[in-house]
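J.: My questions will all concern the structure given below.
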Amino acid sequence: MTAELVRGQNHPLPDTRLEIRVSAGHPVVACATCSDAQGAVHDEWIAHPGAPTLPGLEVPRRATEAPRFTVDLAAVPEAVHQVNVLLALPEGPGGPAHFGATAAPFVAVTGRDDAELASFTITGLDSETALVAVELYRRQGAWKVRAVGQGYAGGLAQLLADQGLATALERAADIQGSAGTLRTPRAEPAQLRTSAADGAYIRPDLPRPDQTTAPGPDATLPDGISSPGQQPGSTGPQQTPTPDAPPAPGGPIDYSHPRRQSVAPPPPPPAAPPAQPGQPAPPVAGDATGWSMEERLYNQIWGMFEDLARAVAAYRSAVDFAETRMDKELDQALSDPRSRIGGAGDAAREAARAKCEQLTDQARQALDRDLAQLTAESAVVEPALPPAFARWDNPVWHAYRVPMEVPMAVRLGDLQLPESPELRIPLLVRLPLERGLWVDSGRAGSEAAMALDDAQLRRLAMDSAVAHAARLLAVYPPGDFSVHVIDPAGAAAASLAPLVESGALAGPPAAGAQGVSATLAKLTQRVDLVTMAVRGGAADALPPDLDTGEQLLIVNDFPHGFDDRAVNQLRYLADEGPAVGVHLMMVADREDASAYGPVLDPLWRSLLRLTPVPDDHLADPWVRHAWTYEPLTVPAGSAVLRQVLDQMVAARRNWRR
């Protein structure tokens, strides 16, 4: 049975000998690129009409209306982890100016005995002149095909530059020059059929046709979801052009990590054990590229996030298509007055509903298959996580030891979607924090919040803030992270007890207007001094008693106890503090500060909003998902939080920090 794919959807490939058939209705230049585990495309890994063969891959030798790619995955080198199938319009007069002026290209992947395995109709194209049609990629020892359909208005040069090729302009010109035009008979109607669903998904790791940049590893989604540039189903982050490679016009910004080594490739990820025939390979923790196990797990978690996002996007798109098709068929059946009554009308309505249910069931089966694979992967990844990435109920906390270096990220909660509420993806935020945090103690409209009274919500919000602060203290080396607290009315004494009694705070919680003013003045002065020293290149001129470690200020019950000057200082810390190591964590209800009007809007927007109860407020702009955020809670009756704090404070004293 043929799998009719939508953008972003993937499908396993049971055969290694494949033929990829394209029906475009007009001549196109067909070529392919291969990339390694890091997503890098080498200059010699391009198959095009002038050099049509690579190991395990052959492309047409001329531009044609119905190009065919021959692929032998068993013969593809081990270093190749992805094969990209590219289409481009020939340059010169006489042909269409862009794909939007032509019929939608149709791609079919066939296996042995000419059996069609998957198909994809590339709709929604406009001004693009080159595109990535589909990609074949390795996933845990097996090969899959993914429908991409990503177009580029800048042509083949922009496409190759986006894949990290330094000589994109020259190679694009060579490819166009080597492609002639060969007219072939028009494809059969079956080859030009429309896909069962047209997905509205656009790849988050590639730019849209009307954009010139793509989000990188730390691109911030609304309300603070940070997404790395890793493709779901791949084994590592998407490669971007190197700093010394001139980007093509309209190409993406280089988001590569400034401290990442580049002199040698990273060590290979753990190998999955051999799979049973016909079964996917079992998941392995750390099955992603990276320079350390921590980085591999980080990349793997974000790969799971994007896999779940795409799987659900494909399912929702297919369901929407099925319902739209049913409505259209019902309208057609009822448009004739003679068929509105009697057996013919009833039969048409039943047929339309049956087809809708069939398409929905097929989409759900594909989603359940992907969810089962992700659930199995989550089951092996969670126990392998380090403390910074782990839940509080993970046994790794019972073997906690103070770290000697700062981790690359910290876990602030879990993310889930309504199609699979039991599958939770860790929400990881890079360190050091680039923006402050806001634990919302107000009623956000979620069912969990509406079931609690105001006092319970405020208590849960402060408990959540204390848990976040304790985690940050635990994952930093002793003395490299300090926590200050402003509690003007002393209302959070019970929640702050673990931090106060263990001695983890830099000082007693500040109370009253005088305490608020003194704490803000001290931290504001620190931001001023460090900022001037950094800008002037005079770090040696800082006072010897100045604590240069990271600082976190927890503010409870805002705006109680704050005058206009204190509010301005708080806004200054939120804007300028993160760049010099001073971070803000607000525990507040925005309605309490409504008297300030729009003056505080920039403050709230600058903070990553978290909630003390599950709430679907985190938005994904790429696939239009509303992700439900669930905070990390300490198990009832557990002493793990206090044990970790005591261990951290003891290490700080031993090191005299």
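To be explicit about the labels: the chains of the structure tokens are called A, B, and onward in the order shown, and within each one the residues are counted from 1, while ligands get numbers from 1 in the order they are shown.
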Could you pull the residues within 10 Å of Ala108 of chain A, counting only C-alpha atoms, minus those fewer than 3 positions along the same chain, as a list of chain:residue names?

T.: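 With the cut-off at 10 Å, the set is A:Thr2, A:Ala3, A:Glu4, A:Glu19, A:Ile20, A:Arg21, A:Val22, A:Ser23, A:Arg68, A:Glu116, A:Leu117, A:Ala118, A:Ser119, A:Phe120, A:Thr121, A:Val134, A:Gln191.
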
J.: So that I have them on file, write out the residues from the current selection with C-alpha atoms, as a JSON list (two decimals), in the first residue's frame.

T.:
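Below is the file part06.json, written as the result:
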```
[["chain", "number", "residue", "atom", "x", "y", "z"],
["A", 2, "THR", "CA", 1.38, 3.40, -0.99],
["A", 3, "ALA", "CA", 1.96, 5.92, 1.79],
["A", 4, "GLU", "CA", 0.85, 9.35, 0.57],
["A", 19, "GLU", "CA", 13.90, 4.22, -7.78],
["A", 20, "ILE", "CA", 12.67, 7.77, -7.20],
["A", 21, "ARG", "CA", 10.43, 8.94, -10.02],
["A", 22, "VAL", "CA", 9.54, 12.58, -10.54],
["A", 23, "SER", "CA", 6.76, 13.87, -12.76],
["A", 68, "ARG", "CA", 14.39, 9.09, -12.34],
["A", 116, "GLU", "CA", 5.30, 2.11, -5.00],
["A", 117, "LEU", "CA", 6.33, 2.64, -1.34],
["A", 118, "ALA", "CA", 5.61, 6.33, -0.83],
["A", 119, "SER", "CA", 4.47, 9.34, -2.83],
["A", 120, "PHE", "CA", 4.49, 13.08, -2.30],
["A", 121, "THR", "CA", 2.84, 15.90, -4.27],
["A", 134, "VAL", "CA", 12.50, 14.38, -0.44],
["A", 191, "GLN", "CA", 1.71, 9.92, -12.18]]
```

J.: DSSP on the backbone, strand (DSSP E or B) only: what residues of segment 76-126 of chain A does that give? Format it as a list in words.

T.: Gln82, Val83, Asn84, Val85, Leu86, Leu87, Ala88, Phe106, Val107, Ala108, Val109, Thr110, Glu116, Leu117, Ala118, Ser119, Phe120 and Thr121 of chain A

J.: Excluding segment 577-583 of chain A and residues on its chain fewer than 5 positions from it, collect all residues at most 10 Å away from it, counting only C-alpha atoms, and give them as a VMD selection string.

T.: chain A and resid 432 to 437 481 to 483 523 to 524 526 to 531 534 548 to 554 570 to 572

J.: When distances are computed from only C-alpha atoms, which of A:Glu65, A:Asp370, A:Asp126, A:Glu329 shows the smallest separation from Phe106 of chain A?

T.: A:Glu65

J.: DSSP on the backbone, then: every residue of segment 388-598 of chain A marked helix (DSSP H, G or I), written as JSON, numbers by chain.

T.: {"A": [388, 389, 395, 396, 397, 398, 399, 447, 448, 449, 450, 454, 455, 456, 457, 458, 459, 460, 461, 462, 463, 464, 465, 466, 467, 468, 469, 470, 471, 472, 473, 474, 475, 493, 494, 495, 496, 497, 498, 499, 500, 501, 502, 512, 513, 514, 515, 516, 517, 518, 519, 520, 521, 522, 523, 524, 525, 526, 527, 528, 529, 530, 531, 532, 533, 534, 535, 536, 539, 540, 541, 564, 565, 566, 567, 568, 569, 570, 571, 572, 573, 574, 575, 576, 578, 579, 580, 590, 591, 592, 593, 594, 595, 596, 597, 598]}

J.: Give me the residues near Leu472 of chain A as a list of chain:residue names, where near means some atom within 10 Å (using only C-alpha atoms) and where sequence neighbours in that chain fewer than 2 positions away do not count.

T.: A:Ala388, A:Val406, A:Val410, A:Arg411, A:Leu412, A:Leu431, A:Pro432, A:Val466, A:Ala467, A:His468, A:Ala469, A:Ala470, A:Ala474, A:Val475, A:Tyr476, A:Pro477, A:Phe481, A:Ser482, A:Val483, A:Leu552

J.: Would you mind exporting the chosen residues as a compact mmCIF listing (two decimals), in the first residue's frame, restricted to all heavy atoms?

T.:
```txt
# COMPACT_ATOMS: atom_id res chain seq x y z
N ALA A 388 21.30 17.66 35.48
CA ALA A 388 20.76 18.90 34.91
C ALA A 388 19.58 18.64 33.98
O ALA A 388 18.73 19.50 33.81
CB ALA A 388 21.86 19.65 34.16
N VAL A 406 30.04 23.91 34.23
CA VAL A 406 28.65 24.25 33.97
C VAL A 406 28.12 23.37 32.84
O VAL A 406 28.77 23.23 31.81
CB VAL A 406 28.52 25.74 33.59
CG1 VAL A 406 27.06 26.11 33.35
CG2 VAL A 406 29.12 26.62 34.68
N VAL A 410 19.78 23.17 31.13
CA VAL A 410 19.09 22.75 32.35
C VAL A 410 17.63 22.49 32.00
O VAL A 410 17.05 23.14 31.12
CB VAL A 410 19.21 23.82 33.46
CG1 VAL A 410 18.47 25.10 33.07
CG2 VAL A 410 18.70 23.31 34.79
N ARG A 411 17.03 21.54 32.68
CA ARG A 411 15.63 21.18 32.42
C ARG A 411 14.72 22.00 33.32
O ARG A 411 14.88 22.03 34.54
CB ARG A 411 15.43 19.69 32.69
CG ARG A 411 14.05 19.15 32.35
CD ARG A 411 14.05 17.65 32.52
NE ARG A 411 12.82 17.00 32.12
CZ ARG A 411 12.68 15.68 32.00
NH1 ARG A 411 13.73 14.89 32.24
NH2 ARG A 411 11.54 15.15 31.63
N LEU A 412 13.75 22.67 32.71
CA LEU A 412 12.81 23.50 33.45
C LEU A 412 11.40 22.93 33.49
O LEU A 412 10.51 23.52 34.11
CB LEU A 412 12.75 24.91 32.84
CG LEU A 412 14.03 25.73 32.91
CD1 LEU A 412 13.82 27.11 32.29
CD2 LEU A 412 14.51 25.86 34.35
N LEU A 431 22.40 27.12 29.04
CA LEU A 431 23.06 27.90 30.07
C LEU A 431 24.31 28.55 29.49
O LEU A 431 24.97 27.97 28.62
CB LEU A 431 23.45 27.00 31.25
CG LEU A 431 22.29 26.43 32.09
CD1 LEU A 431 22.85 25.51 33.19
CD2 LEU A 431 21.44 27.52 32.69
N PRO A 432 24.65 29.75 29.99
CA PRO A 432 23.92 30.55 30.97
C PRO A 432 22.61 31.08 30.39
O PRO A 432 22.47 31.21 29.18
CB PRO A 432 24.88 31.68 31.30
CG PRO A 432 25.74 31.82 30.09
CD PRO A 432 25.90 30.43 29.54
N VAL A 466 11.36 27.94 43.87
CA VAL A 466 12.42 27.40 44.74
C VAL A 466 13.04 26.16 44.11
O VAL A 466 14.27 25.97 44.15
CB VAL A 466 11.85 27.09 46.13
CG1 VAL A 466 12.85 26.30 46.96
CG2 VAL A 466 11.48 28.39 46.85
N ALA A 467 12.22 25.29 43.50
CA ALA A 467 12.76 24.09 42.85
C ALA A 467 13.65 24.47 41.67
O ALA A 467 14.71 23.85 41.46
CB ALA A 467 11.61 23.20 42.38
N HIS A 468 13.25 25.48 40.88
CA HIS A 468 14.10 25.94 39.77
C HIS A 468 15.42 26.50 40.29
O HIS A 468 16.50 26.22 39.74
CB HIS A 468 13.38 27.01 38.95
CG HIS A 468 12.20 26.52 38.19
ND1 HIS A 468 12.21 25.34 37.47
CD2 HIS A 468 10.95 27.03 38.01
CE1 HIS A 468 11.04 25.15 36.89
NE2 HIS A 468 10.25 26.16 37.21
N ALA A 469 15.35 27.31 41.36
CA ALA A 469 16.58 27.89 41.92
C ALA A 469 17.50 26.81 42.48
O ALA A 469 18.72 26.87 42.30
CB ALA A 469 16.21 28.90 43.01
N ALA A 470 16.91 25.83 43.16
CA ALA A 470 17.74 24.75 43.71
C ALA A 470 18.42 23.96 42.60
O ALA A 470 19.59 23.56 42.73
CB ALA A 470 16.86 23.82 44.55
N ALA A 474 22.41 23.53 41.98
CA ALA A 474 23.00 22.20 42.00
C ALA A 474 23.83 21.90 40.76
O ALA A 474 24.77 21.11 40.84
CB ALA A 474 21.89 21.15 42.14
N VAL A 475 23.50 22.51 39.62
CA VAL A 475 24.21 22.16 38.38
C VAL A 475 25.40 23.07 38.12
O VAL A 475 26.18 22.81 37.20
CB VAL A 475 23.25 22.19 37.18
CG1 VAL A 475 22.10 21.23 37.40
CG2 VAL A 475 22.74 23.59 36.91
N TYR A 476 25.56 24.14 38.90
CA TYR A 476 26.73 25.00 38.76
C TYR A 476 27.81 24.55 39.75
O TYR A 476 27.50 24.04 40.83
CB TYR A 476 26.37 26.45 39.06
CG TYR A 476 25.92 27.25 37.85
CD1 TYR A 476 24.61 27.16 37.38
CD2 TYR A 476 26.80 28.08 37.17
CE1 TYR A 476 24.19 27.89 36.27
CE2 TYR A 476 26.39 28.81 36.07
CZ TYR A 476 25.09 28.70 35.62
OH TYR A 476 24.69 29.42 34.52
N PRO A 477 29.07 24.76 39.42
CA PRO A 477 30.14 24.49 40.40
C PRO A 477 29.94 25.33 41.65
O PRO A 477 29.38 26.43 41.58
CB PRO A 477 31.42 24.87 39.65
CG PRO A 477 31.06 24.76 38.20
CD PRO A 477 29.62 25.15 38.11
N PHE A 481 27.35 30.29 41.41
CA PHE A 481 25.96 30.72 41.25
C PHE A 481 25.41 31.08 42.62
O PHE A 481 25.51 30.31 43.57
CB PHE A 481 25.13 29.60 40.62
CG PHE A 481 23.81 30.05 40.07
CD1 PHE A 481 23.70 30.48 38.76
CD2 PHE A 481 22.66 30.05 40.85
CE1 PHE A 481 22.49 30.90 38.23
CE2 PHE A 481 21.44 30.46 40.34
CZ PHE A 481 21.36 30.89 39.02
N SER A 482 24.83 32.28 42.71
CA SER A 482 24.28 32.77 43.97
C SER A 482 22.83 33.16 43.77
O SER A 482 22.44 33.59 42.68
CB SER A 482 25.07 33.97 44.50
OG SER A 482 26.43 33.63 44.70
N VAL A 483 22.04 33.03 44.84
CA VAL A 483 20.62 33.33 44.78
C VAL A 483 20.28 34.39 45.82
O VAL A 483 20.65 34.27 46.99
CB VAL A 483 19.77 32.07 45.01
CG1 VAL A 483 18.28 32.42 45.03
CG2 VAL A 483 20.05 31.02 43.94
N LEU A 552 21.20 35.14 40.69
CA LEU A 552 19.78 35.00 40.40
C LEU A 552 18.99 35.75 41.48
O LEU A 552 19.20 35.53 42.67
CB LEU A 552 19.36 33.52 40.40
CG LEU A 552 17.86 33.25 40.23
CD1 LEU A 552 17.39 33.65 38.85
CD2 LEU A 552 17.53 31.79 40.51
```

J.: Tell me which protein, DNA and RNA residues are within 7 Å of Val41 of chain A, counting only C-alpha atoms, leaving out same-chain ones fewer than 5 positions away, and put them as an mmCIF file with C-alpha atoms, in the first residue's frame.

T.:
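Saved the output as selection.cif:
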```cif
data_model
loop_
_atom_site.group_PDB
_atom_site.id
_atom_site.type_symbol
_atom_site.label_atom_id
_atom_site.label_comp_id
_atom_site.auth_asym_id
_atom_site.auth_seq_id
_atom_site.Cartn_x
_atom_site.Cartn_y
_atom_site.Cartn_z
ATOM 1 C CA THR A 33 23.545 15.738 -2.410
ATOM 2 C CA CYS A 34 24.836 13.535 0.379
ATOM 3 C CA SER A 35 25.575 14.715 3.907
ATOM 4 C CA ASP A 36 27.402 13.182 6.842
ATOM 5 C CA GLN A 163 23.280 22.967 2.934
ATOM 6 C CA GLY A 164 26.637 24.399 3.970
ATOM 7 C CA LEU A 165 28.510 24.265 0.652
#
```

J.: When distances are computed from only C-alpha atoms, which of A:Leu608, A:Leu423, A:Ala461, A:Ala133 shows the smallest separation from Asp557 of chain A?

T.: A:Ala461

J.: Within 12 Å of segment 324-326 of chain A, counting only C-alpha atoms, which residues show up once you throw out same-chain ones fewer than 5 positions away? Write them as a count of residues only, please.

T.: 22

J.: With only C-alpha atoms as the basis for distance, which of A:Met532, A:Leu136, A:Leu473, A:Val83 is at the shortest distance from Gln647 of chain A?

T.: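 Ranked by minimum distance to Gln647 of chain A, first place goes to A:Leu473.
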